>>> print(open('final_29.txt').read())   # compact mmCIF, C-alpha atoms and all ligand atoms
# COMPACT_ATOMS: atom_id res chain seq x y z
CA MET A 20 106.03 -14.97 30.40
CA PRO A 21 106.66 -14.34 34.16
CA ALA A 22 109.60 -16.24 35.68
CA PRO A 23 108.48 -19.37 37.61
CA LEU A 24 108.36 -18.86 41.37
CA ALA A 25 111.12 -20.48 43.42
CA PRO A 26 109.92 -23.66 45.24
CA GLU A 27 110.07 -21.90 48.60
CA ARG A 28 107.61 -19.30 47.22
CA VAL A 29 104.96 -21.85 46.23
CA LEU A 30 102.42 -23.80 48.29
CA VAL A 31 101.95 -27.13 46.57
CA ASP A 32 100.05 -30.21 47.72
CA ALA A 33 100.66 -33.91 47.18
CA PHE A 34 98.53 -33.84 44.02
CA GLY A 35 100.49 -30.98 42.45
CA ARG A 36 97.84 -28.33 43.08
CA VAL A 37 99.24 -24.90 43.87
CA ALA A 38 97.40 -22.75 46.42
CA THR A 39 97.12 -19.14 45.24
CA ASP A 40 93.78 -18.02 46.70
CA LEU A 41 93.18 -17.38 50.40
CA ARG A 42 89.78 -16.74 52.02
CA ILE A 43 90.09 -14.98 55.34
CA SER A 44 87.04 -14.98 57.59
CA LEU A 45 86.90 -11.80 59.67
CA THR A 46 84.07 -12.92 61.94
CA ASP A 47 81.68 -15.83 62.34
CA LYS A 48 78.81 -13.46 63.20
CA CYS A 49 76.24 -12.52 60.58
CA SER A 50 73.55 -9.86 60.23
CA LEU A 51 71.17 -12.30 58.48
CA ARG A 52 69.87 -15.72 59.47
CA CYS A 53 69.47 -17.43 56.09
CA THR A 54 67.38 -20.54 56.65
CA TYR A 55 69.75 -22.73 54.60
CA CYS A 56 72.75 -21.55 56.63
CA MET A 57 71.94 -21.15 60.33
CA PRO A 58 69.07 -21.33 62.82
CA ALA A 59 66.91 -18.33 63.75
CA GLU A 60 68.60 -17.96 67.14
CA GLY A 61 72.08 -17.79 65.58
CA LEU A 62 75.03 -19.82 66.80
CA THR A 63 77.47 -19.77 69.69
CA TRP A 64 79.79 -17.04 68.44
CA LEU A 65 83.53 -16.98 68.94
CA ARG A 66 84.71 -14.80 71.82
CA LYS A 67 86.67 -11.65 71.01
CA ALA A 68 89.86 -13.09 72.50
CA GLU A 69 89.56 -16.05 70.13
CA LEU A 70 89.41 -13.87 67.01
CA LEU A 71 92.55 -12.93 65.16
CA THR A 72 93.47 -9.30 65.66
CA ASP A 73 94.06 -7.07 62.66
CA ASP A 74 97.81 -7.26 63.25
CA GLU A 75 97.61 -11.06 63.23
CA ILE A 76 95.47 -11.08 60.07
CA VAL A 77 97.93 -8.82 58.28
CA ARG A 78 100.97 -10.78 59.44
CA LEU A 79 99.45 -14.07 58.27
CA GLY A 80 98.20 -12.45 55.05
CA GLY A 81 101.73 -11.24 54.34
CA LEU A 82 103.14 -14.66 55.01
CA PHE A 83 100.69 -16.32 52.62
CA VAL A 84 101.52 -13.72 49.96
CA SER A 85 105.21 -14.48 50.40
CA LEU A 86 104.29 -18.13 49.80
CA GLY A 87 102.61 -17.42 46.47
CA VAL A 88 99.05 -16.44 47.39
CA ALA A 89 97.93 -13.91 44.78
CA SER A 90 94.35 -13.21 45.78
CA ILE A 91 92.74 -12.70 49.17
CA ARG A 92 88.99 -12.74 49.72
CA LEU A 93 87.62 -11.36 52.98
CA THR A 94 84.50 -13.12 54.12
CA GLY A 95 82.67 -14.43 57.17
CA GLY A 96 80.13 -14.60 58.79
CA GLU A 97 79.52 -11.09 57.56
CA PRO A 98 82.77 -9.20 56.94
CA LEU A 99 81.06 -5.78 56.97
CA LEU A 100 80.49 -6.36 60.71
CA HIS A 101 84.27 -6.05 61.17
CA ALA A 102 84.56 -2.42 62.26
CA THR A 103 88.12 -1.95 60.98
CA LEU A 104 87.57 -3.56 57.56
CA PRO A 105 88.86 -0.50 55.62
CA SER A 106 92.09 -0.50 57.59
CA VAL A 107 92.55 -4.27 57.09
CA LEU A 108 92.13 -3.72 53.34
CA THR A 109 94.60 -0.85 53.29
CA ARG A 110 97.19 -2.96 55.06
CA LEU A 111 96.64 -6.01 52.84
CA ALA A 112 96.82 -3.80 49.75
CA ALA A 113 100.25 -2.59 50.92
CA LEU A 114 101.69 -6.13 50.79
CA ALA A 115 104.21 -6.89 48.08
CA PRO A 116 103.35 -8.28 45.65
CA ARG A 117 99.95 -6.68 46.12
CA PRO A 118 97.27 -9.39 46.25
CA GLU A 119 93.98 -8.96 44.44
CA LEU A 120 91.43 -8.10 47.14
CA SER A 121 87.80 -9.15 47.10
CA LEU A 122 84.91 -9.35 49.54
CA THR A 123 81.97 -11.72 49.94
CA THR A 124 79.14 -9.93 51.72
CA ASN A 125 75.41 -9.87 52.21
CA GLY A 126 75.56 -6.17 51.28
CA ILE A 127 73.92 -4.79 54.44
CA GLY A 128 75.60 -1.46 55.17
CA LEU A 129 77.64 -1.58 51.96
CA VAL A 130 75.91 1.54 50.68
CA ARG A 131 77.63 3.55 53.44
CA VAL A 132 81.16 2.17 52.96
CA ALA A 133 81.49 1.07 49.31
CA ARG A 134 83.54 4.11 48.28
CA GLN A 135 85.74 3.89 51.37
CA LEU A 136 86.42 0.19 50.71
CA VAL A 137 87.46 0.88 47.12
CA ASP A 138 89.72 3.69 48.28
CA ALA A 139 91.23 1.27 50.79
CA GLY A 140 92.08 -1.22 48.04
CA LEU A 141 89.07 -3.46 47.49
CA ASP A 142 89.01 -4.62 43.87
CA ARG A 143 85.81 -6.58 43.60
CA VAL A 144 82.82 -7.91 45.45
CA ASN A 145 80.37 -10.80 45.58
CA VAL A 146 77.04 -9.85 47.13
CA SER A 147 74.56 -12.50 48.15
CA VAL A 148 71.07 -11.79 46.81
CA ASP A 149 68.89 -14.89 46.94
CA THR A 150 65.67 -13.16 45.97
CA LEU A 151 64.34 -9.81 44.73
CA ASP A 152 61.00 -10.26 46.45
CA ARG A 153 60.74 -8.46 49.79
CA ASP A 154 58.47 -11.01 51.49
CA ARG A 155 60.52 -13.93 50.28
CA PHE A 156 63.71 -12.19 51.39
CA ARG A 157 62.24 -11.77 54.86
CA GLU A 158 61.29 -15.44 54.97
CA LEU A 159 64.59 -16.71 53.61
CA THR A 160 66.91 -14.48 55.64
CA ARG A 161 64.60 -13.84 58.63
CA ARG A 162 65.33 -10.12 58.27
CA ASP A 163 63.48 -7.36 56.34
CA ARG A 164 66.61 -5.96 54.69
CA LEU A 165 66.22 -6.39 50.94
CA ALA A 166 66.25 -2.64 50.25
CA ASP A 167 69.57 -2.25 52.11
CA VAL A 168 71.08 -5.12 50.16
CA LEU A 169 70.02 -3.73 46.78
CA ALA A 170 71.29 -0.27 47.72
CA GLY A 171 74.60 -1.91 48.65
CA VAL A 172 74.89 -3.68 45.30
CA ALA A 173 74.22 -0.43 43.42
CA ALA A 174 76.76 1.42 45.58
CA ALA A 175 79.40 -1.22 44.91
CA ALA A 176 78.97 -0.80 41.17
CA ALA A 177 78.94 3.01 41.44
CA ALA A 178 82.14 2.92 43.50
CA GLY A 179 83.90 1.05 40.70
CA MET A 180 84.09 -2.52 42.03
CA ARG A 181 84.36 -4.77 38.98
CA PRO A 182 82.96 -7.23 38.38
CA VAL A 183 80.03 -7.12 40.77
CA LYS A 184 79.05 -10.75 41.23
CA ILE A 185 75.76 -11.80 42.77
CA ASN A 186 75.53 -15.08 44.70
CA ALA A 187 72.26 -16.95 45.05
CA VAL A 188 71.65 -20.33 46.64
CA LEU A 189 68.50 -21.74 45.04
CA VAL A 190 66.18 -23.38 47.54
CA ARG A 191 63.31 -25.66 46.61
CA GLY A 192 59.96 -24.34 47.82
CA SER A 193 61.39 -20.83 48.13
CA ASN A 194 63.34 -18.90 45.47
CA LEU A 195 63.85 -21.69 42.93
CA ALA A 196 61.41 -20.37 40.31
CA GLU A 197 62.97 -16.93 40.64
CA ALA A 198 66.20 -17.98 38.90
CA PRO A 199 65.29 -16.42 35.50
CA ALA A 200 64.16 -13.17 37.17
CA LEU A 201 67.42 -12.95 39.15
CA LEU A 202 69.45 -13.50 35.99
CA ASP A 203 67.36 -10.93 34.11
CA TRP A 204 67.94 -8.35 36.86
CA ALA A 205 71.68 -9.03 36.91
CA LEU A 206 72.02 -8.81 33.12
CA ARG A 207 70.14 -5.51 33.00
CA HIS A 208 72.52 -4.02 35.58
CA GLY A 209 75.73 -5.57 34.26
CA TYR A 210 76.24 -7.82 37.29
CA GLU A 211 77.46 -11.42 37.02
CA MET A 212 74.87 -13.80 38.43
CA ARG A 213 76.11 -16.94 40.21
CA PHE A 214 73.84 -19.77 41.22
CA ILE A 215 75.26 -22.00 43.94
CA GLU A 216 74.34 -25.57 44.80
CA HIS A 217 73.47 -25.93 48.46
CA MET A 218 76.29 -27.77 50.24
CA PRO A 219 76.18 -29.94 53.37
CA LEU A 220 77.60 -27.13 55.50
CA ASP A 221 74.44 -25.81 57.17
CA ALA A 222 74.55 -25.48 60.93
CA GLN A 223 71.27 -27.38 61.27
CA HIS A 224 72.57 -30.43 59.34
CA ALA A 225 69.32 -30.40 57.36
CA TRP A 226 70.96 -30.71 53.92
CA THR A 227 69.81 -33.63 51.80
CA ARG A 228 70.88 -34.47 48.29
CA ASP A 229 67.27 -34.94 47.22
CA ALA A 230 66.22 -31.45 48.31
CA MET A 231 69.30 -29.78 46.82
CA VAL A 232 68.78 -27.95 43.52
CA THR A 233 71.34 -29.30 41.05
CA ALA A 234 73.25 -27.40 38.38
CA ASP A 235 71.35 -29.36 35.71
CA GLU A 236 68.07 -28.17 37.19
CA MET A 237 69.29 -24.56 37.39
CA LEU A 238 70.39 -24.57 33.76
CA ALA A 239 67.10 -26.14 32.68
CA LEU A 240 65.26 -23.29 34.40
CA LEU A 241 67.32 -20.85 32.33
CA GLY A 242 66.41 -22.64 29.10
CA GLU A 243 65.23 -19.43 27.42
CA TYR A 244 68.76 -18.04 27.47
CA ALA A 245 71.44 -18.86 24.88
CA LEU A 246 74.46 -19.83 26.96
CA ARG A 247 78.00 -20.51 25.78
CA PRO A 248 80.20 -22.38 28.29
CA ILE A 249 83.56 -20.70 28.80
CA GLY A 250 85.10 -22.86 31.53
CA HIS A 251 86.22 -22.16 35.07
CA GLY A 252 87.81 -18.70 34.78
CA ALA A 253 91.01 -17.63 33.03
CA ASP A 254 93.22 -20.24 34.75
CA GLY A 255 90.61 -22.98 35.01
CA SER A 256 90.51 -22.92 38.82
CA ALA A 257 87.46 -20.71 39.51
CA PRO A 258 84.72 -22.47 41.47
CA ALA A 259 82.07 -21.27 39.02
CA GLU A 260 81.50 -22.90 35.67
CA GLU A 261 81.09 -19.75 33.61
CA PHE A 262 78.86 -18.99 30.66
CA GLU A 263 78.52 -16.13 28.25
CA VAL A 264 74.86 -15.20 27.98
CA LEU A 265 74.54 -14.54 24.27
CA ASP A 266 70.82 -13.90 24.01
CA GLY A 267 67.59 -14.21 25.93
CA PRO A 268 64.43 -12.44 27.04
CA GLY A 269 64.92 -8.69 27.35
CA ALA A 270 68.39 -8.79 25.77
CA ALA A 271 67.92 -5.29 24.34
CA SER A 272 67.97 -3.87 27.87
CA TRP A 273 71.11 -5.66 29.13
CA ALA A 274 73.93 -3.46 30.35
CA ARG A 275 76.39 -5.38 28.19
CA ARG A 276 76.21 -8.22 25.76
CA PRO A 277 77.21 -10.98 26.06
CA GLY A 278 76.42 -11.05 29.76
CA ARG A 279 77.99 -13.48 32.22
CA LEU A 280 76.56 -16.26 34.36
CA GLY A 281 78.24 -18.69 36.73
CA VAL A 282 77.05 -21.96 38.24
CA ILE A 283 78.87 -23.26 41.30
CA ALA A 284 78.12 -26.96 41.30
CA SER A 285 80.32 -28.10 44.17
CA VAL A 286 78.19 -31.18 44.75
CA THR A 287 77.22 -32.52 41.33
CA ARG A 288 80.18 -31.25 39.29
CA PRO A 289 83.06 -31.09 41.79
CA PHE A 290 86.12 -29.11 40.78
CA CYS A 291 88.48 -30.33 43.51
CA ARG A 292 91.22 -31.33 41.05
CA GLU A 293 91.69 -27.67 40.13
CA CYS A 294 91.21 -26.28 43.64
CA ASP A 295 93.67 -23.49 44.46
CA ARG A 296 91.95 -22.30 47.65
CA LEU A 297 92.88 -22.13 51.32
CA ARG A 298 90.79 -20.80 54.18
CA LEU A 299 91.77 -19.06 57.37
CA THR A 300 88.98 -19.03 59.94
CA ALA A 301 88.31 -15.98 62.12
CA ASP A 302 90.01 -17.80 65.01
CA GLY A 303 93.16 -18.49 63.04
CA GLN A 304 92.69 -22.08 61.90
CA LEU A 305 93.95 -22.98 58.44
CA ARG A 306 91.61 -25.20 56.42
CA THR A 307 92.72 -26.65 53.11
CA CYS A 308 89.19 -27.74 52.13
CA LEU A 309 85.69 -26.55 53.05
CA PHE A 310 84.93 -30.15 53.98
CA ALA A 311 88.14 -30.95 55.85
CA GLN A 312 87.79 -32.71 59.20
CA THR A 313 91.07 -31.24 60.42
CA GLU A 314 92.44 -27.73 60.80
CA THR A 315 95.92 -26.38 61.47
CA ASP A 316 96.13 -23.95 64.34
CA LEU A 317 98.12 -20.87 63.33
CA ARG A 318 96.85 -18.57 66.10
CA GLY A 319 98.37 -20.60 68.94
CA PRO A 320 101.90 -20.66 67.52
CA LEU A 321 101.54 -17.01 66.42
CA ARG A 322 100.64 -15.94 69.96
CA ALA A 323 103.40 -18.16 71.36
CA GLY A 324 105.85 -16.01 69.43
CA VAL A 325 107.08 -18.36 66.70
CA THR A 326 108.97 -17.02 63.71
CA ASP A 327 107.58 -16.60 60.20
CA THR A 328 109.82 -19.50 59.16
CA GLU A 329 108.06 -21.78 61.63
CA LEU A 330 104.61 -20.51 60.61
CA ALA A 331 105.54 -21.11 56.96
CA ARG A 332 106.57 -24.65 57.85
CA LEU A 333 103.17 -25.26 59.48
CA ILE A 334 101.37 -23.84 56.44
CA ARG A 335 103.43 -25.95 54.01
CA THR A 336 102.77 -29.12 55.99
CA ALA A 337 99.02 -28.40 56.06
CA VAL A 338 98.89 -27.70 52.32
CA ALA A 339 100.93 -30.83 51.54
CA GLY A 340 98.25 -32.87 53.30
CA LYS A 341 95.29 -31.32 51.46
CA GLN A 342 92.71 -33.98 50.69
CA ALA A 343 92.16 -35.06 47.07
CA GLY A 344 88.48 -34.14 47.03
CA HIS A 345 85.59 -33.14 49.25
CA GLY A 346 84.23 -36.68 49.36
CA ILE A 347 80.55 -35.70 49.59
CA ASP A 348 79.70 -38.77 47.50
CA ALA A 349 81.71 -41.17 49.65
CA ALA A 350 79.72 -43.60 51.81
CA ASP A 351 81.68 -42.48 54.86
CA PHE A 352 81.21 -38.71 54.25
CA VAL A 353 80.74 -36.77 57.46
CA GLN A 354 79.79 -33.10 57.43
CA PRO A 355 82.51 -30.98 59.11
CA ALA A 356 81.80 -29.74 62.62
CA ARG A 357 81.99 -26.08 61.60
CA PRO A 358 79.18 -24.71 59.45
CA MET A 359 79.84 -22.54 56.38
CA SER A 360 79.35 -19.31 58.35
CA ALA A 361 82.10 -20.27 60.82
CA ILE A 362 84.53 -21.44 58.14
CA GLY A 363 84.18 -18.49 55.79
CA GLY A 364 82.20 -18.86 52.58
N1 LIG B 1 77.78 -13.09 54.81
C1 LIG B 1 78.44 -13.12 53.54
C2 LIG B 1 77.45 -13.39 52.43
O1 LIG B 1 76.26 -13.47 52.71
O2 LIG B 1 77.88 -13.47 51.28
C3 LIG B 1 79.63 -14.05 53.45
C4 LIG B 1 79.51 -15.40 54.08
S1 LIG B 1 78.31 -16.48 53.36
C5 LIG B 1 78.62 -17.95 54.28
C6 LIG B 1 79.02 -16.76 51.76
C7 LIG B 1 78.12 -17.43 50.75
O3 LIG B 1 77.88 -18.75 51.15
C8 LIG B 1 76.78 -16.77 50.56
O4 LIG B 1 76.56 -16.53 49.20
C9 LIG B 1 75.80 -17.81 51.08
O5 LIG B 1 74.59 -17.78 50.38
C10 LIG B 1 76.55 -19.08 50.82
N2 LIG B 1 76.17 -20.22 51.64
C11 LIG B 1 75.87 -20.26 52.95
N3 LIG B 1 75.61 -21.52 53.35
C12 LIG B 1 75.74 -22.29 52.25
C13 LIG B 1 75.60 -23.69 52.00
N4 LIG B 1 75.29 -24.54 52.96
N5 LIG B 1 75.82 -24.13 50.73
C14 LIG B 1 76.15 -23.28 49.75
N6 LIG B 1 76.31 -21.96 49.93
C15 LIG B 1 76.10 -21.47 51.15
>>> encode(input="final_29.txt", output="structure tokens")
Amino acid sequence: MPAPLAPERVLVDAFGRVATDLRISLTDKCSLRCTYCMPAEGLTWLRKAELLTDDEIVRLGGLFVSLGVASIRLTGGEPLLHATLPSVLTRLAALAPRPELSLTTNGIGLVRVARQLVDAGLDRVNVSVDTLDRDRFRELTRRDRLADVLAGVAAAAAAGMRPVKINAVLVRGSNLAEAPALLDWALRHGYEMRFIEHMPLDAQHAWTRDAMVTADEMLALLGEYALRPIGHGADGSAPAEEFEVLDGPGAASWARRPGRLGVIASVTRPFCRECDRLRLTADGQLRTCLFAQTETDLRGPLRAGVTDTELARLIRTAVAGKQAGHGIDAADFVQPARPMSAIGG
């Protein structure tokens, strides 16, 4: 059994939750315009001077690792738009102890860089694939890029990223009925399919609970599959409720059996009590919850020349104040000002 970390090496909040997972957004810009995420014209993007530099990202990443963060996920916006992504990965992989490194991406351009990213230190990937139908993809993302995305997924697997997880937000009137086909495709290729409940984090503020597809509805759609619940990951803190897929249509052609499925039911089955996540926005603001109304500015103090000790104090104070839960069900719930794409999904 590993020795317990000293208190100064652990980020713990008032409810005893320990933060070990950091999502770093590399940019708020995206190469798609998913209808459930942002408007067709895009958003007002952060200016270059507002974005953390690679040196700042690596310094903060190192600080979080020294405070007990064991896994770092690079996200956005679209992280593949960050031109120096391989170098950021190499530098994060050189931290001690080395954090596990993962990427959440829409897969566009991944086919060209998958091998380079693995060589740089990337361990695993989540690729967003909401539909396998070209016309529906064009409607849903407002871009005709499905072939690029699928090539990216295949390249990630060929380059050795494991597991390859596929994210899909199911949208009523669009890809909802495609859930079994997406799962079938993922099982045949050995990918882990993840269905995500739509959260009130869209830039348009169009989310409604009634329109949202619930986890219950998703699982009912997958009724032909024999699913065995296996909890929220090895340590119980993964956002996805995971299932082994024991049997189902086309099982003879699955890449491995049992397959894996995840359902991320942030709204109807919140997992806040086990949350171990922190988020650093592309402009250097620390968020302790996707739905937080407040952020802690790390970029300002960093650029003002404060020491790591002072930055660590700011991080500890922010984590100590992490809210108990996202509060979506509370009567006074207010959607945060930043949309998902600007926080880092
Ligand atoms: N561009 C990358 C991608 O497409 O994966 C990373 C950022 S994106 C914001 C991360 C994930 O969040 C994607 O799987 C996307 O479908 C999902 N997402 C975006 N808006 C969402 C919302 N309002 N509720 C739930 N998931 C959302």
>>> atom_distance(input="final_29.txt", atom1="atom CA of A:Arg213", atom2="atom CA of A:Gly87")
27.2 Å
>>> closest_atom_pairs(input="final_29.txt", of="chain A", to="ligand LIG 1 (chain B)", cutoff="7 Å", atoms="all atoms listed in the file", output="Markdown table")
| residue | atom | partner | partner_atom | distance |
| --- | --- | --- | --- | --- |
| A:Cys49 | CA | B:LIG1 | N1 | 6.0 |
| A:Tyr55 | CA | B:LIG1 | N4 | 6.1 |
| A:Cys56 | CA | B:LIG1 | N3 | 4.4 |
| A:Thr94 | CA | B:LIG1 | C3 | 5.0 |
| A:Gly95 | CA | B:LIG1 | C4 | 4.5 |
| A:Gly96 | CA | B:LIG1 | C4 | 4.8 |
| A:Glu97 | CA | B:LIG1 | N1 | 3.8 |
| A:Pro98 | CA | B:LIG1 | N1 | 6.7 |
| A:Thr123 | CA | B:LIG1 | O2 | 4.6 |
| A:Thr124 | CA | B:LIG1 | C1 | 3.7 |
| A:Asn125 | CA | B:LIG1 | O1 | 3.7 |
| A:Asn145 | CA | B:LIG1 | O2 | 6.8 |
| A:Val146 | CA | B:LIG1 | O2 | 5.6 |
| A:Ser147 | CA | B:LIG1 | O4 | 4.6 |
| A:Asn186 | CA | B:LIG1 | O4 | 4.8 |
| A:Ala187 | CA | B:LIG1 | O5 | 5.9 |
| A:Val188 | CA | B:LIG1 | O5 | 5.4 |
| A:Ile215 | CA | B:LIG1 | C14 | 6.0 |
| A:Glu216 | CA | B:LIG1 | C14 | 5.7 |
| A:His217 | CA | B:LIG1 | N5 | 3.7 |
| A:Met218 | CA | B:LIG1 | N5 | 3.7 |
| A:Pro219 | CA | B:LIG1 | N4 | 5.5 |
| A:Leu220 | CA | B:LIG1 | N4 | 4.3 |
| A:Asp221 | CA | B:LIG1 | N4 | 4.5 |
| A:Met359 | CA | B:LIG1 | C5 | 5.2 |
| A:Ser360 | CA | B:LIG1 | C5 | 4.4 |
| A:Gly363 | CA | B:LIG1 | C5 | 5.8 |
| A:Gly364 | CA | B:LIG1 | C6 | 3.9 |
>>> residues_around(input="final_29.txt", residues="stretch 330-336 of chain A", least_positions_apart="5", cutoff="8 Å", atoms="only C-alpha atoms", output="ChimeraX atom specification")
/A:30-31,82,86,305,315,317,320-321,325
>>> closest_residue(input="final_29.txt", among="A:Met231, A:Cys308, A:Gly324, A:Ala198", to="A:Leu280", atoms="all atoms listed in the file")
A:Ala198
>>> closest_residue(input="final_29.txt", among="A:Ala225, A:Leu65, A:Leu309, A:Leu169", to="A:Pro355", atoms="all atoms listed in the file")
A:Leu309
>>> closest_atom_pairs(input="final_29.txt", of="stretch 270-343 of chain A", to="stretch 69-74 of chain A", cutoff="9 Å", atoms="all atoms listed in the file", output="CSV")
residue,atom,partner,partner_atom,distance
A:Thr300,CA,A:Leu70,CA,8.8
A:Ala301,CA,A:Leu70,CA,5.4
A:Asp302,CA,A:Leu70,CA,4.5
A:Gly303,CA,A:Leu71,CA,6.0
A:Arg318,CA,A:Leu71,CA,7.2
>>> closest_residue(input="final_29.txt", among="A:Ala245, A:Ala175, A:Met237, A:Leu100", to="A:Leu129", atoms="all atoms listed in the file")
A:Ala175
>>> residues_near_point(input="final_29.txt", point="(90.5, -15.4, 51.5)", cutoff="6 Å", atoms="all atoms listed in the file", output="list in words")
Leu41, Arg42, Ile43, Ile91, Arg92 and Leu93 of chain A
>>> closest_residue(input="final_29.txt", among="A:Leu62, A:Val264, A:Met180, A:Val88", to="A:Arg357", atoms="all atoms listed in the file")
A:Leu62
>>> atom_distance(input="final_29.txt", atom1="atom CA of A:Arg78", atom2="atom CA of A:Val132")
24.5 Å
>>> closest_residue(input="final_29.txt", among="A:Gly171, A:Gly126, A:Pro258, A:Gly192", to="A:Arg155", atoms="only C-alpha atoms")
A:Gly192
>>> residues_around(input="final_29.txt", residues="A:Ala113", least_positions_apart="4", cutoff="12 Å", atoms="all atoms listed in the file", output="PyMOL selection string")
chain A and resi 77-78+80-81+84+106-109+117-120+139-141
>>> atom_distance(input="final_29.txt", atom1="atom CA of A:Arg228", atom2="atom CA of A:Val190")
12.1 Å
